Number of protein chains: 2
Amino acid sequence: MTTELTRPQAPPTALRAGKREKTKVQNRQLILEAAQRVFAELGYGATTVRDIIRATPLASGTFYNYFKSKEEVFQAIQDDSALRIRPRLRAERIRAATIEEFISGTFRTFFQYVADDQGTFHAIRRNRSDAMRVRMDTPEIIAGFEELREDIETAISKGLFPPVDSDFLMASIVGVAFEIAERMLTREDIDPPAAADFATALFLGGVRAIPHVGIPREKTAEHTGIQNTAGA
Amino acid sequence: MTTELTRPQAPPTALRAGKREKTKVQNRQLILEAAQRVFAELGYGATTVRDIIRATPLASGTFYNYFKSKEEVFQAIQDDSALRIRPRLRAERIRAATIEEFISGTFRTFFQYVADDQGTFHAIRRNRSDAMRVRMDTPEIIAGFEELREDIETAISKGLFPPVDSDFLMASIVGVAFEIAERMLTREDIDPPAAADFATALFLGGVRAIPHVGIPREKTAEHTGIQNTAGA
DNA sequence: GACGAAAGTTGACGGCCCGTCACGAACCTT
DNA sequence: AAGGTTCGTGACGGGCCGTCAACTTTCGTC
């Protein structure tokens, strides 16, 4: 249709994206940020799509040009989070030459990430005053779990791990990671390395290998750090 | 007010409870059972109070004489479940004379219960096709967690356990229990003892103590049982 | 620069769910 | 059997849901 004469445009690189494209990205971000704020404020369950819209300069109809429901917004936030942490976790595990490095690298990276990014992990999971937690295993998160399972199997085939049930082991790591992370965030001194040390010792040697706490009994809140290390 | 003459009634024991009391219990049960069915059918998130009422011969207003919201119904179901399992878990741990019995008793009892009572554990937690899981830590469940923590501390003071962070240990047990339970229920052969053996070995001796699986690689679905036991 | 097409935004709309409440029926007491 | 109390009922106003026709903005073309 167009002759050779008419071809004056030619976007410099990819930055001259046009206003259309720009506001599209901007609106999406506007919604995601508003949603995160509102989820943290009201809790996931109590939040309505209208609440999210109201925290935005946009009209209600616009929301549905970007997301189908609040579930989808939630999923987008979770996916973003998973996309940020997954490569780091995988790199840590691929680099591991020993079982110790595999386990400890995984936990250290994860707990550090959780502490740095409490917005997506903590605030959103907890509901406002109810003790209702919501967890959505988005495609990215499931892929992250699957990746962990594959890395475990690779480690097994390399002789790094004993030939255990990789599915259950993956589930155990995930369960401990999420549950301890939640506890860690409720403490006054958030100490990711301490949490990682605890979890690592548990997986490497069981309860008997876990670092001992200094104070015998009493003194719960003030003293969360792990001090003394007594092997099995 | 009443003279000595007028006292003809005198309920035999506690069975002549009166119709009022009887239908009250019955209606409550009607709602709880309908709710469980509907939650399993639609998933917790998609379920509305109206859905529950429609699965019932009652009128909408009646629902609110028994529960304030679907959250409260959910909580009641969870509480019932927790009330059934808690005493068994506690008995198991109190009876424990060794760290092995403490851990293994806890996991065996829990996984067996989950397998027997999939309705309250599995069907309700998963949403219909979304991978959205809902977990509500009801007062009874929180009390159960707290009880576990206390039992751990008692075990520590008795010298059964090393002096570890009982809060993190409790969180780890809970995380592993819930996450493995979920995996266990997705398998074709649901094998609570195998799941318990896995978790127990993990907590007693770490990954290296976990029973090995028989088949090297491949054969994932068909072969879930743990066969061979190689110690650390 | 102006024009037409395409893309995107807007807010009003019908439908459903929410929680309440005035009413009446069922039950219990005397 | 009559009076009082408790509880089931369903209609109601208010709010949220997702849609859609009309409008505004951007883009490609001349």
# chains A, B, ... in the order shown; residues from 1 in each chain; ligands from 1
>>> residues_around(residues="A:Gln75", least_positions_apart="5", cutoff="12 Å", atoms="only C-alpha atoms (C1' of nucleotides)", output="compact mmCIF listing (two decimals) with N, CA and C atoms, in the first residue's frame")
# COMPACT_ATOMS: atom_id res chain seq x y z
N LEU A 32 -1.64 -0.78 40.30
CA LEU A 32 -0.91 -1.72 41.15
C LEU A 32 -0.48 -1.09 42.46
N ALA A 35 -3.49 -0.50 44.64
CA ALA A 35 -3.96 -1.78 45.17
C ALA A 35 -3.11 -2.22 46.35
N GLN A 36 -1.81 -2.06 46.20
CA GLN A 36 -0.93 -2.48 47.29
C GLN A 36 -1.22 -1.69 48.56
N TYR A 44 -6.81 -8.06 52.23
CA TYR A 44 -7.22 -8.52 50.91
C TYR A 44 -8.71 -8.80 50.84
N PHE A 67 -7.29 -5.07 34.36
CA PHE A 67 -7.41 -6.29 35.13
C PHE A 67 -8.87 -6.74 35.15
N LYS A 68 -9.06 -8.04 35.29
CA LYS A 68 -10.41 -8.57 35.31
C LYS A 68 -11.04 -8.49 36.69
N SER A 69 -10.24 -8.46 37.73
CA SER A 69 -10.75 -8.54 39.09
C SER A 69 -9.65 -8.18 40.07
N LYS A 70 -10.00 -8.09 41.34
CA LYS A 70 -8.96 -7.82 42.33
C LYS A 70 -8.01 -9.01 42.46
N ASP A 80 5.08 -10.18 40.18
CA ASP A 80 6.20 -9.24 40.16
C ASP A 80 7.20 -9.59 41.24
N SER A 81 6.66 -9.88 42.42
CA SER A 81 7.53 -10.22 43.54
C SER A 81 8.33 -11.48 43.24
N ALA A 82 7.64 -12.49 42.73
CA ALA A 82 8.31 -13.75 42.42
C ALA A 82 9.38 -13.55 41.35
N LEU A 83 9.09 -12.70 40.39
CA LEU A 83 10.05 -12.46 39.32
C LEU A 83 11.32 -11.79 39.83
N THR A 120 5.03 -6.54 49.82
CA THR A 120 4.34 -7.59 49.07
C THR A 120 4.16 -8.86 49.86
N ILE A 124 0.22 -7.75 52.66
CA ILE A 124 -0.84 -8.25 51.81
C ILE A 124 -1.39 -9.58 52.31
N VAL A 134 -4.05 -15.01 53.22
CA VAL A 134 -4.36 -15.41 51.87
C VAL A 134 -3.05 -15.68 51.15
N ARG A 135 -3.01 -16.82 50.51
CA ARG A 135 -1.81 -17.09 49.72
C ARG A 135 -2.22 -17.52 48.34
N MET A 136 -1.68 -16.86 47.37
CA MET A 136 -2.01 -17.21 46.00
C MET A 136 -0.77 -17.76 45.33
N ASP A 137 -0.87 -18.99 44.88
CA ASP A 137 0.24 -19.56 44.14
C ASP A 137 0.06 -19.21 42.68
N THR A 138 0.63 -18.10 42.31
CA THR A 138 0.55 -17.63 40.92
C THR A 138 1.45 -18.49 40.04
N PRO A 139 1.29 -18.39 38.74
CA PRO A 139 2.15 -19.14 37.82
C PRO A 139 3.63 -18.94 38.13
N GLU A 140 4.03 -17.72 38.38
CA GLU A 140 5.43 -17.45 38.66
C GLU A 140 5.89 -18.11 39.95
N ILE A 141 5.02 -18.10 40.95
CA ILE A 141 5.37 -18.70 42.23
C ILE A 141 5.44 -20.21 42.10
N ILE A 142 4.46 -20.78 41.42
CA ILE A 142 4.48 -22.23 41.19
C ILE A 142 5.74 -22.61 40.42
N ASP B 130 -8.49 -21.25 40.58
CA ASP B 130 -7.39 -20.39 40.94
C ASP B 130 -6.53 -21.16 41.91
N ALA B 131 -5.32 -20.79 42.02
CA ALA B 131 -4.43 -21.44 42.97
C ALA B 131 -4.38 -20.61 44.24
N MET B 132 -5.55 -20.19 44.68
CA MET B 132 -5.61 -19.29 45.82
C MET B 132 -5.93 -20.09 47.08
>>> select_by_dssp(residues="stretch 9-137 of chain B", states="strand (DSSP E)", output="ChimeraX atom specification")
/B:132-136
>>> write_last_selection(atoms="N, CA and C atoms", output="CSV table (one decimal), in the first residue's frame")
chain,number,residue,atom,x,y,z
B,132,MET,N,-5.5,-20.2,44.7
B,132,MET,CA,-5.6,-19.3,45.8
B,132,MET,C,-5.9,-20.1,47.1
B,133,ARG,N,-5.1,-20.0,48.0
B,133,ARG,CA,-5.3,-20.7,49.3
B,133,ARG,C,-5.6,-19.7,50.4
B,134,VAL,N,-6.6,-20.1,51.2
B,134,VAL,CA,-7.0,-19.3,52.3
B,134,VAL,C,-6.7,-20.0,53.6
B,135,ARG,N,-6.0,-19.3,54.5
B,135,ARG,CA,-5.8,-20.0,55.8
B,135,ARG,C,-6.2,-19.0,56.8
B,136,MET,N,-7.1,-19.5,57.7
B,136,MET,CA,-7.5,-18.6,58.8
B,136,MET,C,-7.0,-19.2,60.1
>>> interface_residues(of="chain D", to="chain B", cutoff="9 Å", atoms="only C-alpha atoms (C1' of nucleotides)", output="list in words")
DT6, DC7, DG8, DT9 and DG10 of chain D
>>> select_by_dssp(residues="stretch 91-211 of chain B", states="alpha helix (DSSP H)", output="PDB file with C-alpha atoms, in the first residue's frame")
ATOM      1  CA  ALA B  91      -1.722 -36.324  74.397  1.00  0.00           C
ATOM      2  CA  GLU B  92       0.807 -37.630  71.932  1.00  0.00           C
ATOM      3  CA  ARG B  93       3.382 -35.059  72.958  1.00  0.00           C
ATOM      4  CA  ILE B  94       2.823 -35.354  76.662  1.00  0.00           C
ATOM      5  CA  ARG B  95       3.264 -39.088  76.473  1.00  0.00           C
ATOM      6  CA  ILE B  99      12.547 -36.367  71.216  1.00  0.00           C
ATOM      7  CA  GLU B 100      11.801 -39.033  68.610  1.00  0.00           C
ATOM      8  CA  GLU B 101       8.420 -39.792  70.120  1.00  0.00           C
ATOM      9  CA  PHE B 102       7.594 -36.131  70.431  1.00  0.00           C
ATOM     10  CA  ILE B 103       8.238 -35.374  66.787  1.00  0.00           C
ATOM     11  CA  SER B 104       7.018 -38.585  65.246  1.00  0.00           C
ATOM     12  CA  GLY B 105       3.866 -38.673  67.365  1.00  0.00           C
ATOM     13  CA  THR B 106       2.997 -35.147  66.342  1.00  0.00           C
ATOM     14  CA  PHE B 107       3.407 -35.757  62.636  1.00  0.00           C
ATOM     15  CA  ARG B 108       1.781 -39.188  62.583  1.00  0.00           C
ATOM     16  CA  THR B 109      -1.283 -37.934  64.368  1.00  0.00           C
ATOM     17  CA  PHE B 110      -1.565 -34.842  62.245  1.00  0.00           C
ATOM     18  CA  PHE B 111      -1.182 -36.483  58.855  1.00  0.00           C
ATOM     19  CA  GLN B 112      -3.545 -39.277  59.783  1.00  0.00           C
ATOM     20  CA  TYR B 113      -6.119 -36.732  60.844  1.00  0.00           C
ATOM     21  CA  VAL B 114      -5.726 -34.743  57.654  1.00  0.00           C
ATOM     22  CA  ALA B 115      -6.179 -37.850  55.542  1.00  0.00           C
ATOM     23  CA  ASP B 116      -9.320 -38.829  57.443  1.00  0.00           C
ATOM     24  CA  GLN B 118      -9.997 -33.972  53.990  1.00  0.00           C
ATOM     25  CA  ILE B 124     -11.840 -25.532  51.853  1.00  0.00           C
ATOM     26  CA  ARG B 125      -8.342 -24.230  51.531  1.00  0.00           C
ATOM     27  CA  PRO B 139      -8.487 -18.770  68.128  1.00  0.00           C
ATOM     28  CA  GLU B 140      -8.525 -22.549  68.454  1.00  0.00           C
ATOM     29  CA  ILE B 141      -5.823 -22.981  65.840  1.00  0.00           C
ATOM     30  CA  ILE B 142      -3.658 -20.278  67.353  1.00  0.00           C
ATOM     31  CA  ALA B 143      -4.134 -21.929  70.711  1.00  0.00           C
ATOM     32  CA  GLY B 144      -2.997 -25.164  69.107  1.00  0.00           C
ATOM     33  CA  PHE B 145       0.156 -23.499  67.835  1.00  0.00           C
ATOM     34  CA  GLU B 146       0.779 -21.953  71.214  1.00  0.00           C
ATOM     35  CA  GLU B 147       0.259 -25.308  72.856  1.00  0.00           C
ATOM     36  CA  LEU B 148       2.886 -26.804  70.603  1.00  0.00           C
ATOM     37  CA  ARG B 149       5.277 -24.044  71.536  1.00  0.00           C
ATOM     38  CA  GLU B 150       4.645 -24.610  75.213  1.00  0.00           C
ATOM     39  CA  ASP B 151       5.134 -28.323  74.861  1.00  0.00           C
ATOM     40  CA  ILE B 152       8.422 -27.640  73.121  1.00  0.00           C
ATOM     41  CA  GLU B 153       9.508 -25.407  75.965  1.00  0.00           C
ATOM     42  CA  THR B 154       8.505 -28.002  78.498  1.00  0.00           C
ATOM     43  CA  ALA B 155      10.473 -30.574  76.557  1.00  0.00           C
ATOM     44  CA  ILE B 156      13.449 -28.220  76.565  1.00  0.00           C
ATOM     45  CA  SER B 157      13.242 -27.697  80.294  1.00  0.00           C
ATOM     46  CA  SER B 166      10.832 -22.528  70.451  1.00  0.00           C
ATOM     47  CA  ASP B 167       8.918 -19.998  68.384  1.00  0.00           C
ATOM     48  CA  PHE B 168      10.862 -20.726  65.218  1.00  0.00           C
ATOM     49  CA  LEU B 169      10.776 -24.443  65.887  1.00  0.00           C
ATOM     50  CA  MET B 170       7.042 -24.354  66.298  1.00  0.00           C
ATOM     51  CA  ALA B 171       6.743 -22.361  63.077  1.00  0.00           C
ATOM     52  CA  SER B 172       8.905 -24.892  61.264  1.00  0.00           C
ATOM     53  CA  ILE B 173       6.834 -27.831  62.425  1.00  0.00           C
ATOM     54  CA  VAL B 174       3.645 -26.052  61.450  1.00  0.00           C
ATOM     55  CA  GLY B 175       5.013 -25.054  58.060  1.00  0.00           C
ATOM     56  CA  VAL B 176       6.246 -28.534  57.218  1.00  0.00           C
ATOM     57  CA  ALA B 177       3.070 -30.157  58.507  1.00  0.00           C
ATOM     58  CA  PHE B 178       0.734 -27.979  56.486  1.00  0.00           C
ATOM     59  CA  GLU B 179       2.758 -27.924  53.319  1.00  0.00           C
ATOM     60  CA  ILE B 180       3.468 -31.643  53.216  1.00  0.00           C
ATOM     61  CA  ALA B 181      -0.147 -32.375  54.096  1.00  0.00           C
ATOM     62  CA  GLU B 182      -1.232 -30.401  51.069  1.00  0.00           C
ATOM     63  CA  ARG B 183       1.165 -32.325  48.830  1.00  0.00           C
ATOM     64  CA  MET B 184       0.156 -35.609  50.354  1.00  0.00           C
ATOM     65  CA  LEU B 185      -3.469 -35.032  49.490  1.00  0.00           C
ATOM     66  CA  THR B 186      -2.696 -34.403  45.832  1.00  0.00           C
ATOM     67  CA  PRO B 192       0.103 -40.550  56.043  1.00  0.00           C
ATOM     68  CA  PRO B 193       2.726 -42.750  57.693  1.00  0.00           C
ATOM     69  CA  ALA B 194       5.116 -42.146  54.805  1.00  0.00           C
ATOM     70  CA  ALA B 195       4.587 -38.409  55.081  1.00  0.00           C
ATOM     71  CA  ALA B 196       5.134 -38.622  58.824  1.00  0.00           C
ATOM     72  CA  ASP B 197       8.324 -40.638  58.377  1.00  0.00           C
ATOM     73  CA  PHE B 198       9.663 -38.033  56.008  1.00  0.00           C
ATOM     74  CA  ALA B 199       8.915 -35.100  58.284  1.00  0.00           C
ATOM     75  CA  THR B 200      10.106 -36.900  61.378  1.00  0.00           C
ATOM     76  CA  ALA B 201      13.427 -37.819  59.832  1.00  0.00           C
ATOM     77  CA  LEU B 202      13.897 -34.261  58.640  1.00  0.00           C
ATOM     78  CA  PHE B 203      13.425 -32.848  62.111  1.00  0.00           C
ATOM     79  CA  LEU B 204      15.467 -35.510  63.843  1.00  0.00           C
ATOM     80  CA  GLY B 205      18.466 -35.574  61.592  1.00  0.00           C
TER      81      GLY B 205
END
>>> interface_residues(of="chain C", to="chain A", cutoff="12 Å", atoms="only C-alpha atoms (C1' of nucleotides)", output="ChimeraX atom specification")
/C:6-12
>>> write_last_selection(atoms="C-alpha atoms (C1' of nucleotides)", output="mmCIF file, in the first residue's frame")
data_model
loop_
_atom_site.group_PDB
_atom_site.id
_atom_site.type_symbol
_atom_site.label_atom_id
_atom_site.label_comp_id
_atom_site.auth_asym_id
_atom_site.auth_seq_id
_atom_site.Cartn_x
_atom_site.Cartn_y
_atom_site.Cartn_z
ATOM 1 C "C1'" DA C 6 -8.272 3.650 16.114
ATOM 2 C "C1'" DA C 7 -7.568 3.239 20.845
ATOM 3 C "C1'" DG C 8 -8.783 4.359 25.415
ATOM 4 C "C1'" DT C 9 -11.481 6.696 29.102
ATOM 5 C "C1'" DT C 10 -15.607 7.812 31.330
ATOM 6 C "C1'" DG C 11 -19.603 7.282 34.357
ATOM 7 C "C1'" DA C 12 -24.226 5.710 34.264
#
>>> atom_distance(atom1="atom CA of A:Ile53", atom2="atom C1' of D:DC20")
18.5 Å
